[in-house]
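Q: Below is the file my_file-v2.pdb, with PDB, C-alpha atoms.
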```pdb
ATOM      1  CA  MET A  23       0.000   0.000   0.000
ATOM      2  CA  ALA A  24       1.366   3.404  -0.983
ATOM      3  CA  ARG A  25       2.056   5.815   1.867
ATOM      4  CA  ALA A  26      -0.189   8.879   1.639
ATOM      5  CA  LYS A  27       1.751  12.138   1.589
ATOM      6  CA  LYS A  28       0.718  14.720   4.167
ATOM      7  CA  LYS A  29       0.259  18.252   2.902
ATOM      8  CA  ILE A  30       2.733  20.562   4.615
ATOM      9  CA  LYS A  31       2.425  24.261   5.419
ATOM     10  CA  LEU A  32       5.089  26.531   3.990
ATOM     11  CA  THR A  33       5.708  28.367   7.271
ATOM     12  CA  TRP A  34       8.545  28.932   9.722
ATOM     13  CA  ALA A  35       6.702  26.859  12.342
ATOM     14  CA  GLU A  36       6.404  23.939   9.907
ATOM     15  CA  LEU A  37      10.097  24.259   9.020
ATOM     16  CA  LYS A  38      10.993  23.917  12.707
ATOM     17  CA  HIS A  39       8.635  20.943  13.040
ATOM     18  CA  GLN A  40      10.170  19.176  10.022
ATOM     19  CA  ARG A  41      13.726  19.800  11.247
ATOM     20  CA  ASN A  42      12.879  18.362  14.682
ATOM     21  CA  ALA A  43      11.235  15.353  13.023
ATOM     22  CA  LEU A  44      14.300  14.765  10.829
ATOM     23  CA  GLU A  45      16.539  14.855  13.891
ATOM     24  CA  ARG A  46      14.365  12.218  15.619
ATOM     25  CA  PHE A  47      14.277   9.999  12.524
ATOM     26  CA  GLU A  48      18.064  10.161  12.059
ATOM     27  CA  LEU A  49      18.575   9.214  15.719
ATOM     28  CA  TYR A  50      16.078   6.327  15.488
ATOM     29  CA  LEU A  51      17.453   4.797  12.279
ATOM     30  CA  PRO A  52      20.779   3.590  13.818
ATOM     31  CA  THR A  53      18.754   1.889  16.578
ATOM     32  CA  LEU A  54      16.727   0.062  13.946
ATOM     33  CA  ARG A  55      19.883  -0.931  12.058
ATOM     34  CA  LEU A  56      21.417  -2.277  15.279
ATOM     35  CA  LYS A  57      18.250  -4.280  15.946
ATOM     36  CA  GLN A  58      18.433  -5.626  12.380
ATOM     37  CA  GLN A  59      22.057  -6.711  12.881
ATOM     38  CA  GLN A  60      21.251  -8.368  16.218
ATOM     39  CA  LEU A  61      18.416 -10.341  14.631
ATOM     40  CA  GLN A  62      20.631 -11.406  11.726
ATOM     41  CA  MET A  63      23.278 -12.626  14.187
ATOM     42  CA  ALA A  64      20.633 -14.454  16.254
ATOM     43  CA  ILE A  65      19.255 -16.121  13.130
ATOM     44  CA  GLY A  66      22.770 -17.217  12.165
ATOM     45  CA  LYS A  67      23.255 -18.727  15.625
ATOM     46  CA  VAL A  68      19.891 -20.549  15.498
ATOM     47  CA  GLN A  69      20.643 -21.756  11.963
ATOM     48  CA  ARG A  70      23.910 -23.290  13.161
ATOM     49  CA  GLU A  71      22.119 -24.958  16.072
ATOM     50  CA  TYR A  72      19.469 -26.270  13.682
ATOM     51  CA  GLU A  73      22.115 -27.836  11.448
ATOM     52  CA  GLU A  74      23.902 -29.385  14.452
ATOM     53  CA  VAL A  75      20.700 -30.889  15.879
ATOM     54  CA  LEU A  76      19.620 -32.085  12.438
ATOM     55  CA  THR A  77      22.982 -33.830  11.961
ATOM     56  CA  GLU A  78      22.624 -35.488  15.373
ATOM     57  CA  LEU A  79      19.092 -36.573  14.498
ATOM     58  CA  ARG A  80      20.182 -38.074  11.187
ATOM     59  CA  ASN A  81      23.017 -39.949  12.916
ATOM     60  CA  SER A  82      20.585 -41.197  15.537
ATOM     61  CA  GLU A  83      18.116 -42.400  12.909
ATOM     62  CA  ALA A  84      20.931 -44.085  10.970
ATOM     63  CA  SER A  85      22.001 -45.908  14.123
ATOM     64  CA  ILE A  86      18.430 -47.051  14.822
ATOM     65  CA  SER A  87      17.815 -48.150  11.233
ATOM     66  CA  ALA A  88      20.695 -50.646  11.576
ATOM     67  CA  TYR A  89      18.581 -52.835  13.850
ATOM     68  CA  GLU A  90      15.062 -51.470  13.228
ATOM     69  CA  PRO A  91      13.861 -54.794  11.692
ATOM     70  CA  LEU A  92      14.133 -56.231  15.208
ATOM     71  CA  PHE A  93      11.282 -53.905  16.260
ATOM     72  CA  ARG A  94       8.848 -56.324  14.636
ATOM     73  CA  ASP A  95       9.433 -58.503  17.665
ATOM     74  CA  ARG A  96       7.532 -56.496  20.265
ATOM     75  CA  ALA A  97       9.312 -58.374  23.020
ATOM     76  CA  GLY A  98       6.458 -57.608  25.406
ATOM     77  CA  ILE A  99       6.968 -53.842  25.274
ATOM     78  CA  HIS A 100       5.550 -51.052  23.069
ATOM     79  CA  LEU A 101       8.712 -49.229  22.082
ATOM     80  CA  GLU A 102       7.104 -46.177  20.453
ATOM     81  CA  GLU A 103       4.774 -45.551  23.406
ATOM     82  CA  ALA A 104       7.534 -46.081  25.948
ATOM     83  CA  THR A 105       9.857 -43.614  24.222
ATOM     84  CA  GLU A 106       7.362 -40.823  23.511
ATOM     85  CA  PRO A 107       8.174 -37.795  25.731
ATOM     86  CA  GLU A 108       5.661 -37.235  28.520
ATOM     87  CA  GLU A 109       6.836 -33.661  28.954
ATOM     88  CA  VAL A 110       9.210 -31.344  27.122
ATOM     89  CA  ARG A 111      10.573 -28.702  29.487
ATOM     90  CA  THR A 112      11.584 -25.342  28.044
ATOM     91  CA  ARG A 113      12.813 -21.989  29.264
ATOM     92  CA  THR A 114      12.314 -18.541  27.843
ATOM     93  CA  LYS A 115      15.334 -16.783  26.370
ATOM     94  CA  ASN A 116      15.965 -13.436  24.706
ATOM     95  CA  LEU A 117      17.423 -13.807  21.216
ATOM     96  CA  GLY A 118      17.982 -10.584  19.304
ATOM     97  CA  GLY A 119      15.328  -8.888  21.412
ATOM     98  CA  VAL A 120      12.769 -11.652  20.769
ATOM     99  CA  ARG A 121      11.472 -13.902  23.548
ATOM    100  CA  VAL A 122      11.690 -17.546  22.433
ATOM    101  CA  ASN A 123      11.379 -20.967  24.055
ATOM    102  CA  THR A 124      14.542 -23.057  24.214
ATOM    103  CA  PHE A 125      14.890 -26.760  24.955
ATOM    104  CA  GLU A 126      15.876 -27.840  28.467
ATOM    105  CA  SER A 127      14.952 -31.501  28.777
ATOM    106  CA  ALA A 128      12.418 -34.206  27.986
ATOM    107  CA  SER A 129      10.973 -36.661  30.478
ATOM    108  CA  PHE A 130       9.736 -40.160  29.703
ATOM    109  CA  SER A 131       7.534 -42.632  31.503
ATOM    110  CA  ASP A 132       9.176 -45.470  33.398
ATOM    111  CA  SER A 133       9.428 -48.559  31.215
ATOM    112  CA  SER A 134       8.724 -51.612  33.318
ATOM    113  CA  TYR A 135       9.744 -54.820  31.615
ATOM    114  CA  SER A 136      11.457 -58.053  32.430
ATOM    115  CA  LEU A 137      15.192 -57.930  31.902
ATOM    116  CA  PHE A 138      15.234 -61.692  31.486
ATOM    117  CA  GLY A 139      12.082 -61.942  29.371
ATOM    118  CA  THR A 140      13.157 -59.444  26.691
ATOM    119  CA  PRO A 141      15.927 -59.569  24.069
ATOM    120  CA  PRO A 142      19.188 -57.732  24.903
ATOM    121  CA  TRP A 143      18.653 -55.158  22.145
ATOM    122  CA  VAL A 144      15.581 -53.695  23.922
ATOM    123  CA  ASP A 145      17.682 -51.619  26.354
ATOM    124  CA  ARG A 146      19.610 -50.044  23.536
ATOM    125  CA  ALA A 147      16.463 -49.495  21.468
ATOM    126  CA  LEU A 148      14.764 -47.680  24.340
ATOM    127  CA  ALA A 149      17.794 -45.435  24.889
ATOM    128  CA  ASP A 150      18.242 -44.732  21.171
ATOM    129  CA  LEU A 151      14.548 -44.005  20.539
ATOM    130  CA  LYS A 152      14.373 -41.687  23.558
ATOM    131  CA  ARG A 153      17.442 -39.866  22.283
ATOM    132  CA  ARG A 154      15.902 -39.579  18.801
ATOM    133  CA  ASN A 155      12.592 -38.259  20.140
ATOM    134  CA  GLN A 156      14.445 -35.811  22.378
ATOM    135  CA  LEU A 157      16.297 -34.482  19.325
ATOM    136  CA  ILE A 158      13.016 -34.204  17.394
ATOM    137  CA  ALA A 159      11.497 -32.136  20.235
ATOM    138  CA  ARG A 160      14.583 -29.902  20.325
ATOM    139  CA  LEU A 161      14.556 -29.478  16.556
ATOM    140  CA  GLU A 162      10.895 -28.406  16.617
ATOM    141  CA  LEU A 163      11.709 -25.682  19.157
ATOM    142  CA  VAL A 164      14.655 -24.469  17.083
ATOM    143  CA  GLU A 165      12.350 -24.267  14.044
ATOM    144  CA  GLN A 166       9.887 -22.189  16.102
ATOM    145  CA  GLN A 167      12.726 -19.872  17.128
ATOM    146  CA  MET A 168      13.724 -19.436  13.485
ATOM    147  CA  THR A 169      10.135 -18.625  12.484
ATOM    148  CA  LEU A 170       9.783 -15.971  15.209
ATOM    149  CA  LEU A 171      13.180 -14.397  14.493
ATOM    150  CA  GLN A 172      12.623 -14.268  10.733
ATOM    151  CA  ALA A 173       9.188 -12.670  11.218
ATOM    152  CA  GLU A 174      10.703 -10.020  13.504
ATOM    153  CA  LEU A 175      13.615  -9.429  11.100
ATOM    154  CA  LYS A 176      11.139  -8.903   8.268
ATOM    155  CA  LYS A 177       9.273  -6.241  10.295
ATOM    156  CA  VAL A 178      12.468  -4.460  11.354
ATOM    157  CA  SER A 179      13.896  -4.573   7.808
ATOM    158  CA  GLN A 180      10.679  -3.044   6.483
ATOM    159  CA  ARG A 181      11.008  -0.229   9.028
ATOM    160  CA  VAL A 182      14.664   0.344   8.118
ATOM    161  CA  ASN A 183      13.723   0.586   4.430
ATOM    162  CA  LEU A 184      10.788   2.867   5.270
ATOM    163  CA  PHE A 185      13.005   5.309   7.168
ATOM    164  CA  GLU A 186      15.965   5.069   4.771
ATOM    165  CA  LYS A 187      14.099   5.261   1.468
ATOM    166  CA  ILE A 188      10.888   7.131   2.256
ATOM    167  CA  ILE A 189      10.489   8.952   5.565
ATOM    168  CA  ILE A 190      13.940  10.586   5.882
ATOM    169  CA  PRO A 191      14.256  11.563   2.172
ATOM    170  CA  GLU A 192      10.666  12.845   2.247
ATOM    171  CA  THR A 193      11.335  14.943   5.357
ATOM    172  CA  ARG A 194      14.515  16.370   3.826
ATOM    173  CA  GLY A 195      12.501  17.193   0.705
ATOM    174  CA  ASN A 196       9.878  18.938   2.828
ATOM    175  CA  ILE A 197      12.565  21.039   4.525
ATOM    176  CA  ARG A 198      14.034  21.958   1.141
ATOM    177  CA  ARG A 199      10.603  22.953  -0.243
ATOM    178  CA  ILE A 200       9.772  25.064   2.807
ATOM    179  CA  ARG A 201      13.156  26.810   2.762
ATOM    180  CA  ILE A 202      12.795  27.618  -0.944
ATOM    181  CA  ALA A 203       9.240  28.869  -0.432
ATOM    182  CA  LEU A 204      10.245  30.985   2.574
ATOM    183  CA  GLY A 205      13.258  32.315   0.682
ATOM    184  CA  ASP A 206      11.064  33.241  -2.278
ATOM    185  CA  ALA A 207       8.590  34.901   0.103
ATOM    186  CA  MET A 208      11.395  36.913   1.729
ATOM    187  CA  THR A 209      12.736  37.965  -1.677
ATOM    188  CA  ALA A 210       9.253  39.005  -2.756
ATOM    189  CA  ALA A 211       8.753  40.896   0.515
ATOM    190  CA  VAL A 212      12.044  42.757   0.058
ATOM    191  CA  ALA A 213      11.095  43.618  -3.534
ATOM    192  CA  ARG A 214       7.680  44.915  -2.397
ATOM    193  CA  ALA A 215       9.337  46.934   0.353
ATOM    194  CA  LYS A 216      11.715  48.512  -2.172
ATOM    195  CA  ILE A 217       8.829  49.338  -4.505
ATOM    196  CA  ALA A 218       6.832  50.840  -1.620
ATOM    197  CA  LYS A 219       9.862  52.846  -0.495
ATOM    198  CA  ALA A 220      10.447  54.087  -4.034
ATOM    199  CA  LYS A 221       6.801  55.188  -4.286
ATOM    200  CA  LEU A 222       7.011  57.001  -0.961
ATOM    201  CA  GLU A 223      10.211  58.735  -2.044
ATOM    202  CA  ASP A 224       8.588  59.662  -5.367
ATOM    203  CA  ARG A 225       5.553  61.139  -3.569
ATOM    204  CA  GLU A 226       7.843  63.039  -1.233
ATOM    205  CA  ARG A 227       9.769  64.505  -4.181
ATOM    206  CA  LYS A 228       6.539  65.582  -5.864
ATOM    207  CA  ARG A 229       5.303  67.145  -2.634
ATOM    208  CA  MET A 230       8.547  69.043  -2.209
ATOM    209  CA  SER A 231       8.451  70.178  -5.843
ATOM    210  CA  GLU A 232       4.896  71.457  -5.439
ATOM    211  CA  ALA A 233       5.850  73.243  -2.201
ATOM    212  CA  ASP A 234       8.800  74.961  -3.918
ATOM    213  CA  ALA A 235       6.540  76.080  -6.761
ATOM    214  CA  VAL A 236       4.159  77.958  -4.437
TER
END
```
Translate the structure of the given file into structure tokens.

A:
Amino acid sequence: MARAKKKIKLTWAELKHQRNALERFELYLPTLRLKQQQLQMAIGKVQREYEEVLTELRNSEASISAYEPLFRDRAGIHLEEATEPEEVRTRTKNLGGVRVNTFESASFSDSSYSLFGTPPWVDRALADLKRRNQLIARLELVEQQMTLLQAELKKVSQRVNLFEKIIIPETRGNIRRIRIALGDAMTAAVARAKIAKAKLEDRERKRMSEADAV
């Protein structure tokens, strides 16, 4: 949507108002740029974490796939149910000025099963599946962080562009227009004053001439 231009008054008061506004805008822009840089750095950090967790998850899944066919033997225990997190604990953290949830830990239900009545691979499967599901939960939180940070970066970048390309240039243009208009008005006023003075002097000369003629 195009930004509607506000009609400005070509007065000294408006010139002062526009100059004050320009000063505020030029002070605010560096703050926005700093915020933009902080968000970009935060996104880079989260992106690196995402890649690290994703690599761990892929390694975990590769390790599980090596003996996954054994899962067909239920061995008296439901592996998927037993390794699904009961609770994922998070904490709130400030990243680039944005409040996000970060992974702390995942808790699982106690798996009660007979050590002697189950195959030896069950212990490893439980540990590996819990680890995999923990990584999945962590990865989901990292993805949420990325979504929030990118949305905030988009808003801040739009503001930076608005101030850099529209608001500040427009305000400078307003100041230039007002100064030109006021300068023209002063020039015109001086010219009128000279004309008025010349007329007064001409009248005075005529009056003096008429007085001398009497």

Q: I'd like to see the residues matched by the PyMOL selection byres ((chain A and resi 185) around 12) on this file, and ideally I'd get them as a list in words.

A: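 With the PyMOL selection byres ((chain A and resi 185) around 12) on this model, the match is Ala43, Leu44, Arg46, Phe47, Glu48, Leu49, Tyr50, Leu51, Pro52, Thr53, Leu54, Arg55, Val178, Ser179, Gln180, Arg181, Val182, Asn183, Leu184, Glu186, Lys187, Ile188, Ile189, Ile190, Pro191, Glu192, Thr193 and Arg194 of chain A.
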
Q: Using only C-alpha atoms, which residue out of A:Leu37, A:Leu175, A:Met168, A:Leu151 lies closest to Ser87 in chain A?

A: A:Leu151

Q: Rank nothing, just name the residue among A:Gln167, A:Ser129, A:Thr33, A:Gln172 nearest to Arg199 in chain A, using only C-alpha atoms.

A: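 Comparing A:Gln167, A:Ser129, A:Thr33, A:Gln172 against Arg199 in chain A, the winner is A:Thr33.
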
Q: Report, in Å with one decimal, the straight-line distance from CA of Arg111 in chain A to CA of Glu165 in chain A.

A: 16.2 Å

Q: May I ask which of the residues A:Glu108, A:Glu78, A:Asn155, A:Leu171 is the closest one to Met63 in chain A, counting all atoms listed in the file?

A: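 Looking only at the distances to Met63 in chain A, the closest residue turns out to be A:Leu171.
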
Q: A:Trp143, A:Phe130, A:Trp34, A:Phe125: which is nearest Leu163 in chain A, counting all atoms listed in the file?

A: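 Of A:Trp143, A:Phe130, A:Trp34, A:Phe125, the one nearest Leu163 in chain A, counting all atoms listed in the file, is A:Phe125.
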
Q: Set the distance at 10 Å and use only C-alpha atoms: which residues neighbour Ala104 in chain A once local chain neighbours fewer than 2 positions away are removed? I'd like the list as a ChimeraX atom specification.

A: /A:99-102,106-108,130-134,148,151-152

Q: Let's have the selection written as a PDB file, in the coordinates of the input, with C-alpha atoms.

A:
```
ATOM      1  CA  ILE A  99       6.968 -53.842  25.274  1.00  0.00           C
ATOM      2  CA  HIS A 100       5.550 -51.052  23.069  1.00  0.00           C
ATOM      3  CA  LEU A 101       8.712 -49.229  22.082  1.00  0.00           C
ATOM      4  CA  GLU A 102       7.104 -46.177  20.453  1.00  0.00           C
ATOM      5  CA  GLU A 106       7.362 -40.823  23.511  1.00  0.00           C
ATOM      6  CA  PRO A 107       8.174 -37.795  25.731  1.00  0.00           C
ATOM      7  CA  GLU A 108       5.661 -37.235  28.520  1.00  0.00           C
ATOM      8  CA  PHE A 130       9.736 -40.160  29.703  1.00  0.00           C
ATOM      9  CA  SER A 131       7.534 -42.632  31.503  1.00  0.00           C
ATOM     10  CA  ASP A 132       9.176 -45.470  33.398  1.00  0.00           C
ATOM     11  CA  SER A 133       9.428 -48.559  31.215  1.00  0.00           C
ATOM     12  CA  SER A 134       8.724 -51.612  33.318  1.00  0.00           C
ATOM     13  CA  LEU A 148      14.764 -47.680  24.340  1.00  0.00           C
ATOM     14  CA  LEU A 151      14.548 -44.005  20.539  1.00  0.00           C
ATOM     15  CA  LYS A 152      14.373 -41.687  23.558  1.00  0.00           C
TER      16      LYS A 152
END
```

Q: Pick the closest to His39 in chain A from A:Ala207, A:Ala84, A:Val144, A:Ile197: which is it, counting all atoms listed in the file?

A: A:Ile197

Q: Using CA of Thr105 in chain A and CA of Val164 in chain A as the two end points, give the distance in Å to one decimal.

A: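 Going from CA of Thr105 in chain A over to CA of Val164 in chain A covers 21.0 Å.
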
Q: I'd like the interatomic distance between CA of Glu71 in chain A and CA of Ala173 in chain A, to a tenth of an Å.

A: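 Here the two named atoms are 18.5 Å from each other.
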
Q: Determine the residue membership of the PyMOL selection byres ((chain A and resi 119) around 9) for the file above and supply it as a tab-separated table (two decimals) with C-alpha atoms, in the frame of the given file.

A:
```tsv
chain	number	residue	atom	x	y	z
A	57	LYS	CA	18.25	-4.28	15.95
A	60	GLN	CA	21.25	-8.37	16.22
A	61	LEU	CA	18.42	-10.34	14.63
A	116	ASN	CA	15.96	-13.44	24.71
A	117	LEU	CA	17.42	-13.81	21.22
A	118	GLY	CA	17.98	-10.58	19.30
A	120	VAL	CA	12.77	-11.65	20.77
A	121	ARG	CA	11.47	-13.90	23.55
```

Q: Which neighbours of Arg113 in chain A fall inside 9 Å, counting only C-alpha atoms, when residues of the same chain fewer than 4 positions from it are skipped, and could you give them as a list in words?

A: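 Final neighbour list, sorted by chain and number: Val122, Asn123, Thr124, Phe125 and Glu126 of chain A.
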
Q: How big is the axis-aligned box around the listed atoms of range 176-185 of chain A once 4 Å is added on each side, and where is its centre? Give both in Å to one decimal, as JSON.

A:
```
{"center_x": 12.0, "center_y": -1.8, "center_z": 7.9, "size_x": 13.4, "size_y": 22.2, "size_z": 14.9}
```

Q: Which residues come within 8 Å of Ser82 in chain A, counting only C-alpha atoms, excluding same-chain residues fewer than 3 positions away, as an mmCIF file with C-alpha atoms, keeping the file's coordinate frame?

A:
```cif
data_model
loop_
_atom_site.group_PDB
_atom_site.id
_atom_site.type_symbol
_atom_site.label_atom_id
_atom_site.label_comp_id
_atom_site.auth_asym_id
_atom_site.auth_seq_id
_atom_site.Cartn_x
_atom_site.Cartn_y
_atom_site.Cartn_z
ATOM 1 C CA GLU A 78 22.624 -35.488 15.373
ATOM 2 C CA LEU A 79 19.092 -36.573 14.498
ATOM 3 C CA SER A 85 22.001 -45.908 14.123
ATOM 4 C CA ILE A 86 18.430 -47.051 14.822
ATOM 5 C CA ASP A 150 18.242 -44.732 21.171
ATOM 6 C CA ARG A 153 17.442 -39.866 22.283
ATOM 7 C CA ARG A 154 15.902 -39.579 18.801
#
```

Q: Which is closer to Asn81 in chain A than all the others in A:Gln59, A:Lys67, A:Leu157, A:Val110, using only C-alpha atoms?

A: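 Selected residue with least distance to Asn81 in chain A: A:Leu157.
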